[in-house]
file final_6.cif (mmCIF, C-alpha atoms)
data_upload
#
loop_
_atom_site.group_PDB
_atom_site.id
_atom_site.type_symbol
_atom_site.label_atom_id
_atom_site.label_comp_id
_atom_site.auth_asym_id
_atom_site.auth_seq_id
_atom_site.Cartn_x
_atom_site.Cartn_y
_atom_site.Cartn_z
ATOM 1 C CA MET A 1 114.666 75.137 141.828
ATOM 2 C CA ALA A 2 111.571 76.432 143.560
ATOM 3 C CA ASN A 3 110.109 73.943 145.999
ATOM 4 C CA GLY A 4 112.058 71.098 144.368
ATOM 5 C CA ASN A 5 110.123 71.551 141.133
ATOM 6 C CA PRO A 6 112.463 71.082 138.129
ATOM 7 C CA ALA A 7 110.126 73.217 135.992
ATOM 8 C CA HIS A 8 111.363 76.241 137.958
ATOM 9 C CA ASN A 9 114.997 75.428 137.281
ATOM 10 C CA PRO A 10 116.496 77.819 134.689
ATOM 11 C CA TYR A 11 118.318 74.930 133.044
ATOM 12 C CA GLY A 12 117.262 71.594 131.611
ATOM 13 C CA ARG A 13 119.417 68.493 131.764
ATOM 14 C CA ASP A 14 121.278 67.172 128.748
ATOM 15 C CA HIS A 15 121.843 63.505 127.903
ATOM 16 C CA LYS A 16 124.696 63.362 130.441
ATOM 17 C CA GLY A 17 122.581 64.789 133.236
ATOM 18 C CA GLN A 18 124.386 68.146 133.041
ATOM 19 C CA TYR A 19 122.367 71.319 133.319
ATOM 20 C CA THR A 20 121.957 73.232 130.047
ATOM 21 C CA ARG A 21 120.078 76.444 129.466
ATOM 22 C CA THR A 22 116.887 76.154 127.406
ATOM 23 C CA ILE A 23 115.416 78.770 125.073
ATOM 24 C CA GLU A 24 112.243 78.872 127.155
ATOM 25 C CA HIS A 25 114.178 79.716 130.281
ATOM 26 C CA ALA A 26 116.251 82.354 128.470
ATOM 27 C CA GLN A 27 112.975 83.921 127.330
ATOM 28 C CA ARG A 28 111.657 83.788 130.880
ATOM 29 C CA ASP A 29 114.829 85.486 132.114
ATOM 30 C CA ALA A 30 114.388 88.197 129.476
ATOM 31 C CA HIS A 31 110.775 88.669 130.595
ATOM 32 C CA ALA A 32 111.968 88.996 134.196
ATOM 33 C CA ALA A 33 114.399 91.716 133.117
ATOM 34 C CA GLU A 34 111.620 93.511 131.211
ATOM 35 C CA LEU A 35 109.441 93.456 134.316
ATOM 36 C CA ARG A 36 112.322 94.754 136.427
ATOM 37 C CA ALA A 37 112.922 97.563 133.896
ATOM 38 C CA GLN A 38 109.227 98.462 134.230
ATOM 39 C CA GLY A 39 109.741 98.964 137.963
ATOM 40 C CA HIS A 40 108.448 95.660 139.325
ATOM 41 C CA THR A 41 109.984 94.385 142.542
ATOM 42 C CA TYR A 42 111.737 91.039 142.583
ATOM 43 C CA GLN A 43 108.863 89.630 144.616
ATOM 44 C CA GLN A 44 106.329 90.816 142.014
ATOM 45 C CA ILE A 45 108.447 89.261 139.266
ATOM 46 C CA ALA A 46 108.698 86.019 141.233
ATOM 47 C CA ASP A 47 104.942 85.941 141.764
ATOM 48 C CA GLU A 48 104.234 86.539 138.077
ATOM 49 C CA LEU A 49 106.713 83.894 136.928
ATOM 50 C CA GLY A 50 105.819 81.387 139.629
ATOM 51 C CA ILE A 51 109.317 81.223 141.080
ATOM 52 C CA GLU A 52 110.999 82.227 144.322
ATOM 53 C CA LYS A 53 112.262 85.758 144.847
ATOM 54 C CA SER A 54 115.903 84.636 144.723
ATOM 55 C CA GLY A 55 115.144 82.945 141.398
ATOM 56 C CA ALA A 56 113.765 86.217 140.047
ATOM 57 C CA ILE A 57 116.947 88.011 141.079
ATOM 58 C CA ARG A 58 119.076 85.380 139.346
ATOM 59 C CA ALA A 59 116.833 85.481 136.253
ATOM 60 C CA VAL A 60 117.329 89.234 135.891
ATOM 61 C CA ARG A 61 121.106 88.843 136.329
ATOM 62 C CA ARG A 62 121.212 86.080 133.697
ATOM 63 C CA ALA A 63 119.227 88.273 131.281
ATOM 64 C CA ILE A 64 121.713 91.104 131.764
ATOM 65 C CA ARG A 65 124.606 88.711 131.093
ATOM 66 C CA ASP A 66 122.814 87.410 127.985
ATOM 67 C CA ALA A 67 122.243 90.940 126.713
ATOM 68 C CA CYS A 68 125.958 91.701 126.969
ATOM 69 C CA ALA A 69 127.089 88.416 125.406
ATOM 70 C CA GLY A 70 126.008 89.210 121.813
ATOM 71 C CA PRO A 71 127.746 92.592 121.482
ATOM 72 C CA GLY A 72 130.755 91.173 123.318
ATOM 73 C CA LYS A 73 131.073 88.368 120.771
ATOM 74 C CA GLN A 74 130.724 90.863 117.917
ATOM 75 C CA LEU A 75 133.566 92.918 119.384
ATOM 76 C CA VAL A 76 135.779 89.848 119.730
ATOM 77 C CA ASP A 77 134.977 88.829 116.128
ATOM 78 C CA LEU A 78 135.911 92.325 114.903
ATOM 79 C CA GLU A 79 139.196 92.241 116.810
ATOM 80 C CA VAL A 80 139.956 88.776 115.414
ATOM 81 C CA GLN A 81 139.404 90.106 111.863
ATOM 82 C CA ARG A 82 141.732 93.041 112.539
ATOM 83 C CA LEU A 83 144.416 90.782 113.980
ATOM 84 C CA GLU A 84 144.097 88.418 111.011
ATOM 85 C CA ALA A 85 144.580 91.345 108.594
ATOM 86 C CA MET A 86 147.654 92.515 110.526
ATOM 87 C CA TYR A 87 149.064 89.002 110.633
ATOM 88 C CA ASP A 88 148.601 88.615 106.858
ATOM 89 C CA GLN A 89 150.493 91.871 106.289
ATOM 90 C CA VAL A 90 153.303 90.716 108.579
ATOM 91 C CA LEU A 91 153.558 87.440 106.647
ATOM 92 C CA ASP A 92 153.775 89.368 103.367
ATOM 93 C CA ILE A 93 156.670 91.403 104.774
ATOM 94 C CA LEU A 94 158.312 88.258 106.124
ATOM 95 C CA GLU A 95 158.201 86.518 102.724
ATOM 96 C CA ARG A 96 159.926 89.388 100.883
ATOM 97 C CA ASP A 97 163.660 89.891 100.731
ATOM 98 C CA HIS A 98 164.757 93.267 102.021
ATOM 99 C CA PRO A 99 168.085 94.666 100.819
ATOM 100 C CA VAL A 100 170.628 96.183 103.180
ATOM 101 C CA VAL A 101 170.589 99.947 102.776
ATOM 102 C CA SER A 102 173.437 102.180 103.871
ATOM 103 C CA HIS A 103 173.531 105.950 103.349
ATOM 104 C CA GLY A 104 170.479 105.706 101.105
ATOM 105 C CA ARG A 105 172.028 103.113 98.790
ATOM 106 C CA ILE A 106 171.505 99.372 98.421
ATOM 107 C CA VAL A 107 174.585 97.463 99.563
ATOM 108 C CA LYS A 108 175.728 94.788 97.087
ATOM 109 C CA ASP A 109 178.091 91.855 97.335
ATOM 110 C CA ASP A 110 181.152 91.333 95.089
ATOM 111 C CA ALA A 111 178.968 89.810 92.365
ATOM 112 C CA GLY A 112 176.733 92.915 92.332
ATOM 113 C CA MET A 113 173.803 91.191 94.058
ATOM 114 C CA PRO A 114 171.978 93.089 96.836
ATOM 115 C CA LEU A 115 172.731 91.869 100.336
ATOM 116 C CA VAL A 116 169.656 90.628 102.222
ATOM 117 C CA ASP A 117 168.821 92.456 105.443
ATOM 118 C CA ASP A 118 168.006 89.718 107.959
ATOM 119 C CA GLU A 119 167.107 92.366 110.540
ATOM 120 C CA MET A 120 163.878 93.134 108.665
ATOM 121 C CA LYS A 121 162.879 89.458 108.716
ATOM 122 C CA LEU A 122 163.654 89.228 112.416
ATOM 123 C CA LYS A 123 161.476 92.295 113.062
ATOM 124 C CA ALA A 124 158.658 90.731 111.024
ATOM 125 C CA ILE A 125 158.978 87.495 113.019
ATOM 126 C CA ASP A 126 158.775 89.519 116.235
ATOM 127 C CA ARG A 127 155.617 91.256 114.985
ATOM 128 C CA ALA A 128 154.119 87.917 113.937
ATOM 129 C CA LEU A 129 154.745 86.533 117.423
ATOM 130 C CA ARG A 130 153.208 89.625 119.051
ATOM 131 C CA THR A 131 150.143 89.363 116.803
ATOM 132 C CA ARG A 132 149.697 85.677 117.670
ATOM 133 C CA GLU A 133 150.077 86.550 121.345
ATOM 134 C CA SER A 134 147.269 89.090 120.932
ATOM 135 C CA PHE A 135 145.111 86.336 119.378
ATOM 136 C CA ARG A 136 145.784 84.038 122.323
ATOM 137 C CA LYS A 137 145.001 86.733 124.876
ATOM 138 C CA LEU A 138 141.831 87.821 123.085
ATOM 139 C CA LEU A 139 140.517 84.277 122.795
ATOM 140 C CA GLY A 140 141.763 83.166 126.233
ATOM 141 C CA LEU A 141 143.872 80.347 124.818
ATOM 142 C CA ASP A 142 146.840 80.725 127.173
ATOM 143 C CA ALA A 143 146.870 78.831 130.436
ATOM 144 C CA PRO A 144 146.214 81.235 133.295
ATOM 145 C CA SER A 145 149.266 82.342 135.205
ATOM 146 C CA ARG A 146 149.476 82.098 138.977
ATOM 147 C CA VAL A 147 148.777 85.812 139.260
ATOM 148 C CA SER A 148 145.694 85.623 137.033
ATOM 149 C CA VAL A 149 144.328 82.638 138.986
ATOM 150 C CA GLU A 150 144.647 84.657 142.193
ATOM 151 C CA ALA A 151 143.088 87.650 140.440
ATOM 152 C CA GLU A 152 140.186 85.456 139.307
ATOM 153 C CA GLN A 153 139.657 84.292 142.878
ATOM 154 C CA LEU A 154 139.715 87.896 144.070
ATOM 155 C CA GLY A 155 137.255 88.829 141.311
ATOM 156 C CA ARG A 156 134.898 86.038 142.351
ATOM 157 C CA GLU A 157 135.104 87.153 145.987
ATOM 158 C CA ILE A 158 134.366 90.780 145.021
ATOM 159 C CA THR A 159 131.436 89.623 142.870
ATOM 160 C CA ARG A 160 130.106 87.512 145.743
ATOM 161 C CA LEU A 161 130.337 90.463 148.130
ATOM 162 C CA LEU A 162 128.651 92.794 145.625
ATOM 163 C CA ASP A 163 125.913 90.247 144.982
ATOM 164 C CA ALA A 164 125.367 89.860 148.719
ATOM 165 C CA ALA A 165 125.254 93.641 149.138
ATOM 166 C CA MET A 166 122.720 93.972 146.308
ATOM 167 C CA ASP A 167 120.598 90.971 147.317
ATOM 168 C CA PRO A 168 117.754 92.207 149.508
ATOM 169 C CA GLU A 169 117.398 88.760 151.066
ATOM 170 C CA ASP A 170 120.933 88.977 152.400
ATOM 171 C CA THR A 171 120.589 92.533 153.708
ATOM 172 C CA GLY A 172 117.114 92.231 155.149
ATOM 173 C CA ASP A 173 115.888 95.179 153.020
ATOM 174 C CA ASP A 174 112.764 95.125 150.892
ATOM 175 C CA ASP A 175 112.963 94.865 147.104
ATOM 176 C CA THR A 176 114.392 97.878 145.340
#

call {"tool": "encode", "arguments": {"input": "final_6.cif", "output": "structure tokens"}}
result
Amino acid sequence: MANGNPAHNPYGRDHKGQYTRTIEHAQRDAHAAELRAQGHTYQQIADELGIEKSGAIRAVRRAIRDACAGPGKQLVDLEVQRLEAMYDQVLDILERDHPVVSHGRIVKDDAGMPLVDDEMKLKAIDRALRTRESFRKLLGLDAPSRVSVEAEQLGREITRLLDAAMDPEDTGDDDT
């Protein structure tokens, strides 16, 4: 928020008072990124948009994140479709009876009926579980493990350090 003015905040408030991103602000962020791509400094972008320099930096970063979000979602959707197709095939295999085969011949019981190979069903169950696990990982449905929580914290710290290194206000350098 520049100078306490809510109009310069990149988010509006919803009915619960929570900040939510508006289309207008997303468009402004995209415009900031366009200006940056044209070689404008962050200060020039800030001046044109009527915001502070730090707000211009954040606007460009948000626009970059937004630009990556669409293709990222498309990739996730494609992977979900592939996993669904694999899972359907596994279920088809699981529903069939598979005869026991020994030395290239179907093994039969005393009544002449083929013996059912439970090993094939167990393998199909294992594949079904692995496919579902892939779904959960892809969609982030599993609770984070202790290691991943620590990794997330490390990732946030690295991001903070990189942001500080790239932020001219923190380094004392001019816009680049």

call {"tool": "atom_distance", "arguments": {"input": "final_6.cif", "atom1": "atom CA of A:Val90", "atom2": "atom CA of A:Ile125"}}
result
7.9 Å

call {"tool": "atom_distance", "arguments": {"input": "final_6.cif", "atom1": "atom CA of A:Gly155", "atom2": "atom CA of A:Phe135"}}
result
23.4 Å

call {"tool": "closest_residue", "arguments": {"input": "final_6.cif", "among": "A:Ala63, A:Ala26, A:Ala165, A:Leu138", "to": "A:Arg82", "atoms": "only C-alpha atoms"}}
result
A:Leu138

call {"tool": "resolve_selection", "arguments": {"input": "final_6.cif", "expression": "the PyMOL selection byres ((chain A and resi 83) around 12)", "output": "list in words"}}
result
Val76, Asp77, Leu78, Glu79, Val80, Gln81, Arg82, Glu84, Ala85, Met86, Tyr87, Asp88, Gln89, Val90, Arg127, Ala128, Leu129, Arg130, Thr131, Arg132, Glu133, Ser134, Phe135, Arg136, Lys137, Leu138 and Leu139 of chain A

call {"tool": "resolve_selection", "arguments": {"input": "final_6.cif", "expression": "the PyMOL selection byres ((chain A and resi 120) around 10)", "output": "ChimeraX atom specification"}}
result
/A:93-94,96-100,116-119,121-126

call {"tool": "write_last_selection", "arguments": {"input": "final_6.cif", "atoms": "C-alpha atoms", "output": "short mmCIF file (atom, residue, chain, number, x, y, z; two decimals), keeping the file's coordinate frame"}}
result
data_model
loop_
_atom_site.label_atom_id
_atom_site.label_comp_id
_atom_site.auth_asym_id
_atom_site.auth_seq_id
_atom_site.Cartn_x
_atom_site.Cartn_y
_atom_site.Cartn_z
CA ILE A 93 156.67 91.40 104.77
CA LEU A 94 158.31 88.26 106.12
CA ARG A 96 159.93 89.39 100.88
CA ASP A 97 163.66 89.89 100.73
CA HIS A 98 164.76 93.27 102.02
CA PRO A 99 168.08 94.67 100.82
CA VAL A 100 170.63 96.18 103.18
CA VAL A 116 169.66 90.63 102.22
CA ASP A 117 168.82 92.46 105.44
CA ASP A 118 168.01 89.72 107.96
CA GLU A 119 167.11 92.37 110.54
CA LYS A 121 162.88 89.46 108.72
CA LEU A 122 163.65 89.23 112.42
CA LYS A 123 161.48 92.30 113.06
CA ALA A 124 158.66 90.73 111.02
CA ILE A 125 158.98 87.50 113.02
CA ASP A 126 158.78 89.52 116.24
#

call {"tool": "decode", "arguments": {"input": "final_6.cif", "residues": "stretch 151-163 of chain A", "atoms": "N, CA and C atoms", "output": "PDB file, in the first residue's frame"}}
result
ATOM      1  N   ALA A 151      12.195 -28.634   4.374  1.00  0.00           N
ATOM      2  CA  ALA A 151      12.626 -28.243   3.037  1.00  0.00           C
ATOM      3  C   ALA A 151      11.877 -26.994   2.578  1.00  0.00           C
ATOM      4  N   GLU A 152      10.587 -26.916   2.906  1.00  0.00           N
ATOM      5  CA  GLU A 152       9.815 -25.713   2.563  1.00  0.00           C
ATOM      6  C   GLU A 152      10.389 -24.490   3.271  1.00  0.00           C
ATOM      7  N   GLN A 153      10.731 -24.652   4.539  1.00  0.00           N
ATOM      8  CA  GLN A 153      11.308 -23.531   5.283  1.00  0.00           C
ATOM      9  C   GLN A 153      12.627 -23.109   4.664  1.00  0.00           C
ATOM     10  N   LEU A 154      13.444 -24.088   4.279  1.00  0.00           N
ATOM     11  CA  LEU A 154      14.714 -23.782   3.627  1.00  0.00           C
ATOM     12  C   LEU A 154      14.463 -23.080   2.301  1.00  0.00           C
ATOM     13  N   GLY A 155      13.472 -23.554   1.545  1.00  0.00           N
ATOM     14  CA  GLY A 155      13.125 -22.927   0.269  1.00  0.00           C
ATOM     15  C   GLY A 155      12.691 -21.485   0.453  1.00  0.00           C
ATOM     16  N   ARG A 156      11.879 -21.234   1.476  1.00  0.00           N
ATOM     17  CA  ARG A 156      11.442 -19.861   1.750  1.00  0.00           C
ATOM     18  C   ARG A 156      12.634 -18.975   2.124  1.00  0.00           C
ATOM     19  N   GLU A 157      13.562 -19.512   2.908  1.00  0.00           N
ATOM     20  CA  GLU A 157      14.735 -18.744   3.304  1.00  0.00           C
ATOM     21  C   GLU A 157      15.606 -18.439   2.083  1.00  0.00           C
ATOM     22  N   ILE A 158      15.793 -19.417   1.202  1.00  0.00           N
ATOM     23  CA  ILE A 158      16.572 -19.192  -0.021  1.00  0.00           C
ATOM     24  C   ILE A 158      15.893 -18.143  -0.884  1.00  0.00           C
ATOM     25  N   THR A 159      14.566 -18.247  -1.032  1.00  0.00           N
ATOM     26  CA  THR A 159      13.816 -17.262  -1.817  1.00  0.00           C
ATOM     27  C   THR A 159      13.969 -15.868  -1.224  1.00  0.00           C
ATOM     28  N   ARG A 160      13.875 -15.772   0.100  1.00  0.00           N
ATOM     29  CA  ARG A 160      14.027 -14.475   0.766  1.00  0.00           C
ATOM     30  C   ARG A 160      15.404 -13.897   0.500  1.00  0.00           C
ATOM     31  N   LEU A 161      16.440 -14.734   0.582  1.00  0.00           N
ATOM     32  CA  LEU A 161      17.800 -14.256   0.347  1.00  0.00           C
ATOM     33  C   LEU A 161      17.990 -13.828  -1.105  1.00  0.00           C
ATOM     34  N   LEU A 162      17.418 -14.619  -2.037  1.00  0.00           N
ATOM     35  CA  LEU A 162      17.512 -14.253  -3.458  1.00  0.00           C
ATOM     36  C   LEU A 162      16.765 -12.958  -3.735  1.00  0.00           C
ATOM     37  N   ASP A 163      15.573 -12.828  -3.147  1.00  0.00           N
ATOM     38  CA  ASP A 163      14.806 -11.596  -3.327  1.00  0.00           C
ATOM     39  C   ASP A 163      15.584 -10.399  -2.786  1.00  0.00           C
TER      40      ASP A 163
END
